[in-house]
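**Student:** Would you mind keeping the following structure in view while I ask a few things?
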Amino acid sequence: TTEIYTLSLHDALPISITNHFTRDFRITFKSVINRQISMSSQQQLQLIKSNILIIGDHSIGKTSLIRRFVDQKFEQSYVSTIGSDLSTKDVQIDSKFIIRLLLYDIGGQEQFHNRVTKYAPICNAFVICYDITNPTSFLHIDYWYNLLVQTLGDRWQSLKHKVMLVGTKSDLVIPYAPQCDAGQVDYQREQCQQVSVNYLKQACEHFQIPYAYETSAKNGIQIQEVFTELAKICKL
């Protein structure tokens, strides 16, 4: 008898198996072929390595965001990043490409801001984070954005469409609490407790940033979406 095992989506290879083979051998033989098919599919995927710079004020949840994505876990307390940290994870975005994301987590304390000038030139995409429940961290987006512009110089024009704004700690948002919104004067903003979606939209328009997400590392909200989008951005 003859049985056919598909080796790819498009081709099939006929394999002759005579009747005196036992059923156990046939099952084992078939599993070997299936493993070869799987390995063949993986070999056909193109691997693209991409460096991602993740910046923002200290203690706003950048490390928690990364740990939830890379390790699928959340810890209530993290030690602040000292200097910088590197994490890696692969994202398959279609049947042809795997994007290996190298995530550079930069400490938000002022003494570590020079790390941005060190790592930004080697990066393909950039994430500016803020804490939704900390409006001051949102107002500092302007500082982090301009630091990228100054650091990248002439390269900025080719990279400015690869910037993403990410709000963290959406699980801590309190309904009906005073929100920072577009058009408020300074003394009103001082009384705010969290950043509104409208204010985020205004920031995206002001800085011409095409991507924005509100996330929760604790609940896993919008985490996969953020990094899948980053993988697609890096493939552009």
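Chain identifiers are assigned as A, B, and so on, following the order in which chains appear in the structure tokens; residues are numbered from 1 within each chain, and ligands are numbered from 1 in order of appearance.
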For stretch 55-66 of chain A, find every residue with an atom within 9 Å (counting only C-alpha atoms), except residues of its own chain fewer than 5 positions away, and show them as a PyMOL selection string.
**Tutor:** chain A and resi 71+73-81+85+87+103-110+116+126-132+134+137-138+140-141+144+167-169+215-218+220+223
**Student:** Where in stretch 119-214 of chain A does DSSP assign strand (DSSP E), given as a list of chain:residue names?
**Tutor:** A:Ala125, A:Phe126, A:Val127, A:Ile128, A:Cys129, A:Tyr130, A:Asp131, A:Val163, A:Met164, A:Leu165, A:Val166, A:Gly167, A:Thr168, A:Gln179, A:Cys180, A:Gln194, A:Val195, A:Tyr211, A:Ala212, A:Tyr213, A:Glu214
**Student:** Please provide the set of residues having any atom within 6 Å of A:Ala212, restricted to only C-alpha atoms, with same-chain residues fewer than 6 positions apart removed, written as number ranges by chain.
**Tutor:** A: 164-166
**Student:** Between A:Ile48, A:Leu86, A:Cys180, A:Ile93, which is the closest to A:Lys232 once you count only C-alpha atoms?
**Tutor:** A:Ile93
